[in-house]
file run-v9.pdb (PDB, C-alpha atoms)
ATOM      1  CA  MET A   1     -20.375 -14.325   9.859
ATOM      2  CA  LYS A   2     -23.766 -14.311  11.544
ATOM      3  CA  LEU A   3     -24.544 -11.603  14.028
ATOM      4  CA  ILE A   4     -26.553 -11.789  17.195
ATOM      5  CA  LYS A   5     -30.169 -10.711  17.292
ATOM      6  CA  PRO A   6     -30.366  -6.915  17.689
ATOM      7  CA  LEU A   7     -30.793  -5.926  21.294
ATOM      8  CA  LEU A   8     -31.620  -2.689  23.020
ATOM      9  CA  GLY A   9     -29.841  -1.294  26.015
ATOM     10  CA  LEU A  10     -27.134   0.913  27.415
ATOM     11  CA  ILE A  11     -23.483   0.037  27.685
ATOM     12  CA  THR A  12     -20.948   1.018  30.289
ATOM     13  CA  ILE A  13     -17.860   1.766  28.245
ATOM     14  CA  ASN A  14     -15.499   2.679  31.051
ATOM     15  CA  ALA A  15     -17.090   0.055  33.301
ATOM     16  CA  LEU A  16     -16.653   2.241  36.351
ATOM     17  CA  THR A  17     -20.022   3.988  36.351
ATOM     18  CA  LEU A  18     -22.731   1.541  35.382
ATOM     19  CA  GLY A  19     -25.522   3.077  33.351
ATOM     20  CA  VAL A  20     -23.708   6.078  31.885
ATOM     21  CA  ALA A  21     -25.635   7.325  28.863
ATOM     22  CA  GLN A  22     -23.867   6.766  25.592
ATOM     23  CA  ALA A  23     -24.406  10.360  24.572
ATOM     24  CA  ASN A  24     -21.693  11.173  27.101
ATOM     25  CA  MET A  25     -19.031   8.993  25.485
ATOM     26  CA  PRO A  26     -15.730  10.854  25.424
ATOM     27  CA  LYS A  27     -14.173  11.479  22.030
ATOM     28  CA  SER A  28     -10.935   9.603  21.438
ATOM     29  CA  GLN A  29      -8.654   8.545  18.603
ATOM     30  CA  ILE A  30      -6.549   5.416  18.140
ATOM     31  CA  LEU A  31      -3.063   5.681  16.666
ATOM     32  CA  LEU A  32      -0.519   2.978  15.896
ATOM     33  CA  ALA A  33       3.211   3.401  16.474
ATOM     34  CA  ASP A  34       5.673   1.120  14.691
ATOM     35  CA  LEU A  35       8.687   1.270  16.985
ATOM     36  CA  ASN A  36      11.158  -0.612  14.795
ATOM     37  CA  THR A  37      11.587   1.025  11.387
ATOM     38  CA  PRO A  38      14.769   2.177   9.592
ATOM     39  CA  HIS A  39      13.693   5.758  10.294
ATOM     40  CA  GLY A  40      12.731   5.357  13.926
ATOM     41  CA  ILE A  41       9.167   5.547  15.226
ATOM     42  CA  ARG A  42       6.461   5.735  12.576
ATOM     43  CA  VAL A  43       2.958   6.652  13.734
ATOM     44  CA  SER A  44      -0.184   6.146  11.663
ATOM     45  CA  ILE A  45      -3.827   7.050  12.342
ATOM     46  CA  VAL A  46      -6.215   4.133  12.829
ATOM     47  CA  SER A  47      -9.527   5.815  13.682
ATOM     48  CA  ASP A  48     -11.287   9.145  13.380
ATOM     49  CA  LYS A  49     -11.315  11.559  16.291
ATOM     50  CA  THR A  50     -14.938  12.679  16.115
ATOM     51  CA  SER A  51     -16.335   9.800  18.151
ATOM     52  CA  TYR A  52     -15.420   7.242  20.784
ATOM     53  CA  ASN A  53     -12.667   4.827  19.670
ATOM     54  CA  ASN A  54     -11.084   2.844  22.453
ATOM     55  CA  GLN A  55     -10.010  -0.459  24.038
ATOM     56  CA  PRO A  56      -7.409  -1.494  21.446
ATOM     57  CA  HIS A  57      -6.357  -5.137  21.251
ATOM     58  CA  LEU A  58      -3.299  -5.631  19.059
ATOM     59  CA  THR A  59      -2.479  -8.972  17.416
ATOM     60  CA  ASP A  60       0.115 -10.123  14.877
ATOM     61  CA  THR A  61      -2.121  -9.277  11.928
ATOM     62  CA  GLY A  62      -4.592  -6.674  13.092
ATOM     63  CA  LEU A  63      -5.884  -4.280  15.695
ATOM     64  CA  TYR A  64      -9.332  -4.865  17.198
ATOM     65  CA  TYR A  65     -11.029  -1.978  18.964
ATOM     66  CA  THR A  66     -14.332  -0.577  20.205
ATOM     67  CA  ARG A  67     -15.840   1.927  17.768
ATOM     68  CA  GLU A  68     -18.773   4.245  18.360
ATOM     69  CA  VAL A  69     -21.459   4.240  15.681
ATOM     70  CA  ILE A  70     -24.020   7.045  15.529
ATOM     71  CA  SER A  71     -27.210   6.531  13.549
ATOM     72  CA  ASN A  72     -30.403   8.607  13.729
ATOM     73  CA  LYS A  73     -28.852  10.498  16.638
ATOM     74  CA  GLN A  74     -28.518   7.221  18.550
ATOM     75  CA  SER A  75     -25.109   6.096  19.760
ATOM     76  CA  GLN A  76     -23.858   2.540  20.188
ATOM     77  CA  THR A  77     -20.578   0.662  19.881
ATOM     78  CA  ASP A  78     -19.437  -2.110  17.557
ATOM     79  CA  ILE A  79     -16.186  -4.031  17.224
ATOM     80  CA  ALA A  80     -13.867  -2.962  14.395
ATOM     81  CA  ARG A  81     -10.638  -4.447  13.013
ATOM     82  CA  TYR A  82      -7.764  -2.553  11.415
ATOM     83  CA  ASP A  83      -5.679  -4.803   9.143
ATOM     84  CA  LEU A  84      -1.951  -4.189   9.582
ATOM     85  CA  SER A  85      -1.123  -5.173   5.998
ATOM     86  CA  SER A  86      -3.857  -3.480   3.975
ATOM     87  CA  LYS A  87      -4.335  -0.554   6.386
ATOM     88  CA  GLN A  88      -8.081  -1.037   5.936
ATOM     89  CA  THR A  89     -10.752  -1.133   8.641
ATOM     90  CA  SER A  90     -13.635  -3.609   8.649
ATOM     91  CA  MET A  91     -16.484  -4.156  11.084
ATOM     92  CA  ILE A  92     -16.630  -7.404  13.053
ATOM     93  CA  THR A  93     -20.072  -6.572  14.424
ATOM     94  CA  ASN A  94     -22.831  -4.390  13.051
ATOM     95  CA  THR A  95     -25.875  -4.669  15.278
ATOM     96  CA  ALA A  96     -28.289  -2.603  17.335
ATOM     97  CA  VAL A  97     -26.564  -3.904  20.452
ATOM     98  CA  SER A  98     -23.333  -2.482  21.836
ATOM     99  CA  GLU A  99     -20.256  -4.680  22.051
ATOM    100  CA  TYR A 100     -16.932  -3.675  23.567
ATOM    101  CA  SER A 101     -13.622  -4.899  25.015
ATOM    102  CA  PRO A 102     -12.620  -7.194  22.093
ATOM    103  CA  THR A 103     -10.105  -9.895  23.011
ATOM    104  CA  VAL A 104      -8.840 -12.863  21.010
ATOM    105  CA  THR A 105      -9.549 -16.154  22.797
ATOM    106  CA  PRO A 106      -6.720 -18.614  23.607
ATOM    107  CA  SER A 107      -7.652 -20.809  20.616
ATOM    108  CA  GLY A 108      -7.145 -17.845  18.303
ATOM    109  CA  ASP A 109     -10.253 -18.650  16.269
ATOM    110  CA  SER A 110     -12.743 -16.477  18.152
ATOM    111  CA  LEU A 111     -13.099 -13.018  19.569
ATOM    112  CA  SER A 112     -14.588 -12.485  23.012
ATOM    113  CA  ALA A 113     -16.394  -9.277  23.898
ATOM    114  CA  ILE A 114     -18.789  -7.784  26.411
ATOM    115  CA  VAL A 115     -22.410  -7.493  25.272
ATOM    116  CA  VAL A 116     -25.261  -5.626  26.941
ATOM    117  CA  GLU A 117     -28.279  -7.885  26.643
ATOM    118  CA  GLU A 118     -31.949  -6.994  26.330
ATOM    119  CA  ASP A 119     -32.417  -6.828  30.091
ATOM    120  CA  GLY A 120     -29.402  -4.518  30.460
ATOM    121  CA  LYS A 121     -27.060  -7.149  31.889
ATOM    122  CA  GLN A 122     -23.451  -7.135  30.704
ATOM    123  CA  LYS A 123     -22.223 -10.612  29.797
ATOM    124  CA  LEU A 124     -19.305 -12.205  28.001
ATOM    125  CA  TRP A 125     -19.873 -13.466  24.444
ATOM    126  CA  GLN A 126     -17.695 -15.076  21.785
ATOM    127  CA  TYR A 127     -17.627 -14.420  18.042
ATOM    128  CA  PRO A 128     -16.120 -17.078  15.747
ATOM    129  CA  LEU A 129     -13.764 -15.409  13.265
ATOM    130  CA  SER A 130     -13.412 -17.961  10.491
ATOM    131  CA  THR A 131     -16.696 -19.888  10.403
ATOM    132  CA  GLU A 132     -20.371 -19.204   9.905
ATOM    133  CA  GLN A 133     -21.102 -20.319  13.445
ATOM    134  CA  ALA A 134     -23.273 -17.806  15.284
ATOM    135  CA  PRO A 135     -21.955 -15.815  18.245
ATOM    136  CA  SER A 136     -22.847 -17.265  21.630
ATOM    137  CA  ARG A 137     -22.811 -16.353  25.289
ATOM    138  CA  ILE A 138     -19.857 -17.818  27.194
ATOM    139  CA  PHE A 139     -21.317 -17.561  30.704
ATOM    140  CA  ASP A 140     -25.018 -17.464  31.504
ATOM    141  CA  TRP A 141     -24.839 -16.277  35.088
ATOM    142  CA  ILE A 142     -21.650 -14.250  35.515
ATOM    143  CA  GLU A 143     -22.432 -10.523  35.292
ATOM    144  CA  PRO A 144     -22.051  -7.568  35.100
ATOM    145  CA  VAL A 145     -18.733  -8.063  33.295
ATOM    146  CA  GLY A 146     -16.641  -4.976  32.554
ATOM    147  CA  TYR A 147     -13.323  -6.363  31.320
ATOM    148  CA  HIS A 148     -11.610  -9.727  30.997
ATOM    149  CA  ALA A 149      -8.290 -11.427  30.222
ATOM    150  CA  TRP A 150      -7.693 -15.014  29.119
ATOM    151  CA  GLY A 151      -5.120 -17.377  30.598
ATOM    152  CA  SER A 152      -3.525 -20.408  28.944
ATOM    153  CA  ASN A 153      -5.968 -23.123  30.010
ATOM    154  CA  ASN A 154      -9.315 -21.714  28.917
ATOM    155  CA  ASP A 155      -9.363 -19.849  32.217
ATOM    156  CA  LEU A 156      -9.769 -16.134  32.724
ATOM    157  CA  VAL A 157     -10.154 -13.238  35.109
ATOM    158  CA  MET A 158     -12.999 -10.734  34.901
ATOM    159  CA  PHE A 159     -13.654  -7.259  36.223
ATOM    160  CA  ILE A 160     -17.115  -7.542  37.814
ATOM    161  CA  LEU A 161     -18.861  -4.255  38.509
ATOM    162  CA  GLY A 162     -20.182  -3.699  41.990
ATOM    163  CA  GLU A 163     -19.579  -1.987  45.301
ATOM    164  CA  PRO A 164     -16.699  -2.634  45.329
ATOM    165  CA  HIS A 165     -15.566  -3.815  41.882
ATOM    166  CA  THR A 166     -14.132  -7.312  42.181
ATOM    167  CA  LEU A 167     -11.663  -9.490  40.339
ATOM    168  CA  GLN A 168     -13.165 -12.909  39.714
ATOM    169  CA  TYR A 169     -11.351 -15.978  38.413
ATOM    170  CA  THR A 170     -12.965 -18.899  36.616
ATOM    171  CA  SER A 171     -12.666 -21.236  33.652
ATOM    172  CA  VAL A 172     -15.062 -22.033  30.833
ATOM    173  CA  VAL A 173     -15.636 -25.458  32.369
ATOM    174  CA  ALA A 174     -16.237 -24.172  35.904
ATOM    175  CA  ALA A 175     -18.458 -21.279  34.759
ATOM    176  CA  LYS A 176     -18.586 -19.850  38.278
ATOM    177  CA  GLY A 177     -16.621 -16.782  39.296
ATOM    178  CA  GLU A 178     -14.482 -16.834  42.423
ATOM    179  CA  VAL A 179     -13.735 -13.468  44.010
ATOM    180  CA  VAL A 180      -9.985 -13.085  44.505
ATOM    181  CA  ALA A 181      -9.572  -9.298  44.966
ATOM    182  CA  ASN A 182     -11.558  -6.101  45.612
ATOM    183  CA  ASN A 183     -11.309  -2.451  44.575
ATOM    184  CA  ILE A 184      -9.569  -3.351  41.344
ATOM    185  CA  GLY A 185      -8.609  -1.272  38.325
ATOM    186  CA  ARG A 186      -9.737  -1.895  34.768
ATOM    187  CA  THR A 187      -6.517  -3.357  33.344
ATOM    188  CA  LEU A 188      -6.259  -7.156  33.317
ATOM    189  CA  ILE A 189      -3.271  -8.868  31.674
ATOM    190  CA  TYR A 190      -2.048 -12.441  31.472
ATOM    191  CA  ASN A 191       1.734 -12.852  31.676
ATOM    192  CA  LYS A 192       2.156 -16.096  29.762
ATOM    193  CA  ALA A 193       5.850 -16.477  30.559
ATOM    194  CA  GLN A 194       5.233 -16.214  34.293
ATOM    195  CA  ARG A 195       1.838 -18.004  34.154
ATOM    196  CA  GLU A 196       0.142 -15.315  36.198
ATOM    197  CA  PHE A 197      -2.443 -12.574  35.829
ATOM    198  CA  LEU A 198      -1.565  -8.938  36.491
ATOM    199  CA  PHE A 199      -4.004  -6.291  37.712
ATOM    200  CA  SER A 200      -4.101  -3.218  39.914
ATOM    201  CA  HIS A 201      -6.063  -2.509  43.061
ATOM    202  CA  SER A 202      -6.346   0.097  45.779
ATOM    203  CA  LYS A 203      -5.615  -0.705  49.398
ATOM    204  CA  ASN A 204      -5.275   1.691  52.310
ATOM    205  CA  GLY A 205      -5.207   4.651  49.950
ATOM    206  CA  GLN A 206      -2.383   3.236  47.837
ATOM    207  CA  HIS A 207      -2.465   1.940  44.266
ATOM    208  CA  HIS A 208      -0.744  -1.423  43.783
ATOM    209  CA  LEU A 209       0.189  -3.602  40.852
ATOM    210  CA  ALA A 210      -0.533  -7.178  41.889
ATOM    211  CA  ARG A 211      -0.308 -10.730  40.574
ATOM    212  CA  LEU A 212      -2.739 -13.625  40.745
ATOM    213  CA  GLU A 213      -1.341 -17.154  40.663
ATOM    214  CA  PRO A 214      -4.117 -19.211  39.011
ATOM    215  CA  GLN A 215      -3.276 -22.558  40.584
ATOM    216  CA  THR A 216      -3.349 -21.361  44.180
ATOM    217  CA  LYS A 217      -5.628 -18.308  43.708
ATOM    218  CA  GLN A 218      -3.073 -16.367  45.733
ATOM    219  CA  VAL A 219      -2.806 -12.599  45.240
ATOM    220  CA  SER A 220       0.373 -10.710  46.077
ATOM    221  CA  ASN A 221       1.387  -7.095  45.576
ATOM    222  CA  ILE A 222       4.385  -6.433  43.324
ATOM    223  CA  LEU A 223       4.909  -2.671  43.434
ATOM    224  CA  ARG A 224       3.165   0.648  43.917
ATOM    225  CA  LEU A 225       1.788   2.470  40.887
ATOM    226  CA  PRO A 226       1.259   6.220  40.599
ATOM    227  CA  ASN A 227      -2.269   6.956  41.768
ATOM    228  CA  GLN A 228      -3.221   8.501  38.413
ATOM    229  CA  VAL A 229      -2.283   5.351  36.461
ATOM    230  CA  GLN A 230      -5.294   3.186  35.596
ATOM    231  CA  ASP A 231      -3.869   1.334  32.614
ATOM    232  CA  PHE A 232      -0.617  -0.453  31.917
ATOM    233  CA  ILE A 233       0.804  -2.874  29.369
ATOM    234  CA  LEU A 234       3.241  -5.740  29.527
ATOM    235  CA  LYS A 235       6.255  -4.794  27.388
ATOM    236  CA  ASP A 236       7.984  -8.116  28.031
ATOM    237  CA  GLU A 237       7.690 -10.797  30.698
ATOM    238  CA  ASN A 238       9.543  -8.641  33.243
ATOM    239  CA  THR A 239       8.622  -5.087  32.237
ATOM    240  CA  ILE A 240       5.471  -2.999  32.409
ATOM    241  CA  ALA A 241       4.804   0.380  30.822
ATOM    242  CA  TYR A 242       2.198   3.052  31.493
ATOM    243  CA  ALA A 243       1.312   6.526  30.288
ATOM    244  CA  ILE A 244       1.346   9.748  32.246
ATOM    245  CA  LYS A 245      -0.173  12.450  30.060
ATOM    246  CA  ASN A 246       1.444  11.830  26.649
ATOM    247  CA  ARG A 247       4.645  10.102  27.682
ATOM    248  CA  ILE A 248       5.210   6.404  28.306
ATOM    249  CA  TYR A 249       7.250   5.160  31.259
ATOM    250  CA  GLN A 250       8.634   1.692  31.925
ATOM    251  CA  ARG A 251       9.912  -0.285  34.901
ATOM    252  CA  GLN A 252      10.739  -3.825  35.906
ATOM    253  CA  LEU A 253       8.219  -6.032  37.713
ATOM    254  CA  THR A 254      10.079  -5.750  40.994
ATOM    255  CA  ALA A 255       9.563  -3.440  43.930
ATOM    256  CA  GLY A 256      12.013  -0.541  43.983
ATOM    257  CA  SER A 257      12.948  -0.865  40.314
ATOM    258  CA  ASP A 258      13.968   2.267  38.434
ATOM    259  CA  ILE A 259      11.413   4.125  36.340
ATOM    260  CA  SER A 260      12.531   5.484  32.975
ATOM    261  CA  GLN A 261      10.860   7.237  30.077
ATOM    262  CA  TRP A 262      10.372   4.855  27.174
ATOM    263  CA  LEU A 263       8.513   6.969  24.607
ATOM    264  CA  ASP A 264       7.625  10.623  24.164
ATOM    265  CA  LEU A 265       4.450  10.693  22.068
ATOM    266  CA  SER A 266       3.640  14.360  22.608
ATOM    267  CA  ASN A 267       4.055  15.072  18.874
ATOM    268  CA  TYR A 268       1.164  12.696  18.154
ATOM    269  CA  CYS A 269      -1.087  13.219  21.174
ATOM    270  CA  LYS A 270      -1.344  16.699  22.653
ATOM    271  CA  THR A 271      -3.579  15.642  25.537
ATOM    272  CA  ASN A 272      -3.614  12.364  27.488
ATOM    273  CA  ILE A 273      -2.965   8.784  26.410
ATOM    274  CA  THR A 274      -5.676   6.728  28.081
ATOM    275  CA  ARG A 275      -5.229   3.156  26.806
ATOM    276  CA  MET A 276      -2.523   1.108  25.111
ATOM    277  CA  SER A 277      -1.894  -2.315  23.564
ATOM    278  CA  TYR A 278       1.554  -3.648  22.655
ATOM    279  CA  ASN A 279       2.667  -6.477  20.374
ATOM    280  CA  ASN A 280       5.756  -7.190  18.237
ATOM    281  CA  ASP A 281       7.318  -3.721  18.429
ATOM    282  CA  LYS A 282       3.994  -2.038  17.715
ATOM    283  CA  LEU A 283       2.088   0.114  20.160
ATOM    284  CA  ALA A 284      -1.551   1.068  19.727
ATOM    285  CA  PHE A 285      -2.509   4.015  21.887
ATOM    286  CA  VAL A 286      -5.666   5.996  22.540
ATOM    287  CA  CYS A 287      -5.482   9.785  22.603
ATOM    288  CA  HIS A 288      -8.179  11.731  24.400
ATOM    289  CA  VAL A 289      -9.838  14.366  22.238
ATOM    290  CA  THR A 290     -10.889  17.576  23.947
ATOM    291  CA  GLN A 291     -14.419  18.786  23.251
TER     292      GLN A 291
END
call {"tool": "encode", "arguments": {"input": "run-v9.pdb", "output": "structure tokens"}}
result
Amino acid sequence: MKLIKPLLGLITINALTLGVAQANMPKSQILLADLNTPHGIRVSIVSDKTSYNNQPHLTDTGLYYTREVISNKQSQTDIARYDLSSKQTSMITNTAVSEYSPTVTPSGDSLSAIVVEEDGKQKLWQYPLSTEQAPSRIFDWIEPVGYHAWGSNNDLVMFILGEPHTLQYTSVVAAKGEVVANNIGRTLIYNKAQREFLFSHSKNGQHHLARLEPQTKQVSNILRLPNQVQDFILKDENTIAYAIKNRIYQRQLTAGSDISQWLDLSNYCKTNITRMSYNNDKLAFVCHVTQ
């Protein structure tokens, strides 16, 4: 696969403080829990814990993630893939530019990711996975993009950095973002069964999980989230899960639903679980590494 022309610039990995120097990247490790084995939960190590490894995206065959690469005392990030069958890791990108937030596109034949371009602007690119076609920019004018999630009709939502951060909805054809919410969190998920996007946002000092209905562009709050919860996953079409320290809790997508502990991962992560990705009874999770 061809790679984009090397670029120079800084990347905003957590997308909440634009321009953070890469030397300050927090150390983190990705682990993979198989939740359905004859012997219960089986956890394996995916990445090292001496650098930044984050933003896991789990598919049926592999786990894509953002991996820090340090060369000549310079730090950047590339996209890596851990193969579920061979247990081997390969690099999807290997450039002087930083890429992050890997996500498989709806067609399944490309990977989308955020790239910091030569002028420092963060834009959305796509990387063909099975052809020699070169990577290309998806949107010329929409920036600075922090995170994104694809819908079913070549549409998507994007976390756009600013004061405040906004949720913008568009499609590849439209190529123009429409602001639908403010003060949003970094987790964006498409619930295919319900045909809606899920995200979080703060309003009047409270942290809400909300839905966006793509056809009407209507946003409605579903339930309150604990204020310390930035990230969540969709366990099934009616259930979300989130981490508090090193334990995972679950609840239904209805206001007032009961909260229960789903997983205790304290034997595998002694600190805090910061990100997760779930697919087919497998859970990829990021464990913060103390300095």
call {"tool": "closest_atom_pairs", "arguments": {"input": "run-v9.pdb", "of": "range 111-172 of chain A", "to": "range 218-240 of chain A", "cutoff": "12 Å", "atoms": "all atoms listed in the file", "output": "CSV"}}
result
residue,atom,partner,partner_atom,distance
A:Leu167,CA,A:Val219,CA,10.6
A:Gln168,CA,A:Val219,CA,11.7
A:Tyr169,CA,A:Gln218,CA,11.1
call {"tool": "closest_residue", "arguments": {"input": "run-v9.pdb", "among": "A:Val145, A:Leu58, A:Leu124, A:Val289", "to": "Ser277 in chain A", "atoms": "all atoms listed in the file"}}
result
A:Leu58
call {"tool": "residues_around", "arguments": {"input": "run-v9.pdb", "residues": "Arg186 in chain A", "least_positions_apart": "3", "cutoff": "8 Å", "atoms": "only C-alpha atoms", "output": "VMD selection string"}}
result
chain A and resid 15 146 to 147 159 199 to 200 230 to 231
call {"tool": "closest_residue", "arguments": {"input": "run-v9.pdb", "among": "A:Lys217, A:Lys27, A:Lys203, A:Arg67", "to": "Gln55 in chain A", "atoms": "all atoms listed in the file"}}
result
A:Arg67
call {"tool": "residues_near_point", "arguments": {"input": "run-v9.pdb", "point": "(1.2, 1.4, 14.1)", "cutoff": "6 Å", "atoms": "all atoms listed in the file", "output": "PyMOL selection string"}}
result
chain A and resi 32-34+43-44+282
call {"tool": "residues_near_point", "arguments": {"input": "run-v9.pdb", "point": "(-6.3, 5.5, 17.1)", "cutoff": "9 Å", "atoms": "all atoms listed in the file", "output": "ChimeraX atom specification"}}
result
/A:28-32,44-49,53-54,56,284-287
call {"tool": "atom_distance", "arguments": {"input": "run-v9.pdb", "atom1": "CA of Asn94 in chain A", "atom2": "CA of Asn154 in chain A"}}
result
27.1 Å
call {"tool": "closest_residue", "arguments": {"input": "run-v9.pdb", "among": "A:Pro106, A:Gly162, A:His57, A:Gly62", "to": "Ser90 in chain A", "atoms": "only C-alpha atoms"}}
result
A:Gly62
call {"tool": "closest_residue", "arguments": {"input": "run-v9.pdb", "among": "A:Lys176, A:Leu253, A:Ala113, A:Tyr127", "to": "Arg211 in chain A", "atoms": "only C-alpha atoms"}}
result
A:Leu253
call {"tool": "atom_distance", "arguments": {"input": "run-v9.pdb", "atom1": "CA of Glu143 in chain A", "atom2": "CA of His165 in chain A"}}
result
11.6 Å
call {"tool": "atom_distance", "arguments": {"input": "run-v9.pdb", "atom1": "CA of Tyr82 in chain A", "atom2": "CA of Ser152 in chain A"}}
result
25.4 Å
call {"tool": "resolve_selection", "arguments": {"input": "run-v9.pdb", "expression": "the PyMOL selection byres ((chain A and resi 260) around 10)", "output": "list in words"}}
result
Ala241, Ile248, Tyr249, Gln250, Arg251, Gln252, Ser257, Asp258, Ile259, Gln261, Trp262 and Leu263 of chain A
call {"tool": "residues_around", "arguments": {"input": "run-v9.pdb", "residues": "Thr61 in chain A", "least_positions_apart": "2", "cutoff": "7 Å", "atoms": "only C-alpha atoms", "output": "number ranges by chain"}}
result
A: 59, 83-84
call {"tool": "residues_around", "arguments": {"input": "run-v9.pdb", "residues": "Gly177 in chain A", "least_positions_apart": "2", "cutoff": "10 Å", "atoms": "all atoms listed in the file", "output": "ChimeraX atom specification"}}
result
/A:139,141-143,156-158,160,167-171,174-175,179-180
call {"tool": "resolve_selection", "arguments": {"input": "run-v9.pdb", "expression": "the PyMOL selection byres ((chain A and resi 270) around 10)", "output": "VMD selection string"}}
result
chain A and resid 245 to 246 265 to 269 271 to 273 287 to 290
call {"tool": "write_last_selection", "arguments": {"input": "run-v9.pdb", "atoms": "C-alpha atoms", "output": "PDB file, keeping the file's coordinate frame"}}
result
ATOM      1  CA  LYS A 245      -0.173  12.450  30.060  1.00  0.00           C
ATOM      2  CA  ASN A 246       1.444  11.830  26.649  1.00  0.00           C
ATOM      3  CA  LEU A 265       4.450  10.693  22.068  1.00  0.00           C
ATOM      4  CA  SER A 266       3.640  14.360  22.608  1.00  0.00           C
ATOM      5  CA  ASN A 267       4.055  15.072  18.874  1.00  0.00           C
ATOM      6  CA  TYR A 268       1.164  12.696  18.154  1.00  0.00           C
ATOM      7  CA  CYS A 269      -1.087  13.219  21.174  1.00  0.00           C
ATOM      8  CA  THR A 271      -3.579  15.642  25.537  1.00  0.00           C
ATOM      9  CA  ASN A 272      -3.614  12.364  27.488  1.00  0.00           C
ATOM     10  CA  ILE A 273      -2.965   8.784  26.410  1.00  0.00           C
ATOM     11  CA  CYS A 287      -5.482   9.785  22.603  1.00  0.00           C
ATOM     12  CA  HIS A 288      -8.179  11.731  24.400  1.00  0.00           C
ATOM     13  CA  VAL A 289      -9.838  14.366  22.238  1.00  0.00           C
ATOM     14  CA  THR A 290     -10.889  17.576  23.947  1.00  0.00           C
TER      15      THR A 290
END
call {"tool": "resolve_selection", "arguments": {"input": "run-v9.pdb", "expression": "the PyMOL selection byres ((chain A and resi 149) around 9)", "output": "PyMOL selection string"}}
result
chain A and resi 103+105+147-148+150-151+155-158+187-190+197
call {"tool": "build_atoms", "arguments": {"input": "run-v9.pdb", "residues": "range 181-193 of chain A", "atoms": "N, CA, C and O atoms", "output": "mmCIF file, keeping the file's coordinate frame"}}
result
data_model
loop_
_atom_site.group_PDB
_atom_site.id
_atom_site.type_symbol
_atom_site.label_atom_id
_atom_site.label_comp_id
_atom_site.auth_asym_id
_atom_site.auth_seq_id
_atom_site.Cartn_x
_atom_site.Cartn_y
_atom_site.Cartn_z
ATOM 1 N N ALA A 181 -10.064 -10.616 44.565
ATOM 2 C CA ALA A 181 -9.572 -9.298 44.966
ATOM 3 C C ALA A 181 -10.694 -8.281 44.851
ATOM 4 O O ALA A 181 -11.657 -8.465 44.087
ATOM 5 N N ASN A 182 -10.577 -7.179 45.610
ATOM 6 C CA ASN A 182 -11.558 -6.101 45.612
ATOM 7 C C ASN A 182 -10.913 -4.782 45.216
ATOM 8 O O ASN A 182 -9.687 -4.647 45.218
ATOM 9 N N ASN A 183 -11.763 -3.810 44.897
ATOM 10 C CA ASN A 183 -11.309 -2.451 44.575
ATOM 11 C C ASN A 183 -10.259 -2.453 43.464
ATOM 12 O O ASN A 183 -9.214 -1.811 43.566
ATOM 13 N N ILE A 184 -10.562 -3.171 42.399
ATOM 14 C CA ILE A 184 -9.569 -3.351 41.344
ATOM 15 C C ILE A 184 -9.696 -2.286 40.254
ATOM 16 O O ILE A 184 -10.729 -1.637 40.115
ATOM 17 N N GLY A 185 -8.612 -2.143 39.488
ATOM 18 C CA GLY A 185 -8.609 -1.272 38.325
ATOM 19 C C GLY A 185 -9.068 -2.025 37.093
ATOM 20 O O GLY A 185 -9.333 -3.229 37.132
ATOM 21 N N ARG A 186 -9.127 -1.312 35.959
ATOM 22 C CA ARG A 186 -9.737 -1.895 34.768
ATOM 23 C C ARG A 186 -8.768 -2.682 33.889
ATOM 24 O O ARG A 186 -9.195 -3.345 32.944
ATOM 25 N N THR A 187 -7.479 -2.631 34.172
ATOM 26 C CA THR A 187 -6.517 -3.357 33.344
ATOM 27 C C THR A 187 -6.287 -4.764 33.870
ATOM 28 O O THR A 187 -5.918 -4.953 35.033
ATOM 29 N N LEU A 188 -6.488 -5.751 32.997
ATOM 30 C CA LEU A 188 -6.259 -7.156 33.317
ATOM 31 C C LEU A 188 -5.364 -7.732 32.233
ATOM 32 O O LEU A 188 -5.678 -7.640 31.052
ATOM 33 N N ILE A 189 -4.243 -8.339 32.635
ATOM 34 C CA ILE A 189 -3.271 -8.868 31.674
ATOM 35 C C ILE A 189 -2.816 -10.247 32.130
ATOM 36 O O ILE A 189 -2.625 -10.488 33.331
ATOM 37 N N TYR A 190 -2.628 -11.145 31.163
ATOM 38 C CA TYR A 190 -2.048 -12.441 31.472
ATOM 39 C C TYR A 190 -0.593 -12.451 31.028
ATOM 40 O O TYR A 190 -0.282 -12.184 29.861
ATOM 41 N N ASN A 191 0.308 -12.728 31.965
ATOM 42 C CA ASN A 191 1.734 -12.852 31.676
ATOM 43 C C ASN A 191 2.013 -14.333 31.411
ATOM 44 O O ASN A 191 2.185 -15.122 32.339
ATOM 45 N N LYS A 192 2.043 -14.686 30.138
ATOM 46 C CA LYS A 192 2.156 -16.096 29.762
ATOM 47 C C LYS A 192 3.466 -16.709 30.232
ATOM 48 O O LYS A 192 3.505 -17.862 30.685
ATOM 49 N N ALA A 193 4.547 -15.949 30.160
ATOM 50 C CA ALA A 193 5.850 -16.477 30.559
ATOM 51 C C ALA A 193 5.889 -16.814 32.046
ATOM 52 O O ALA A 193 6.505 -17.805 32.450
#
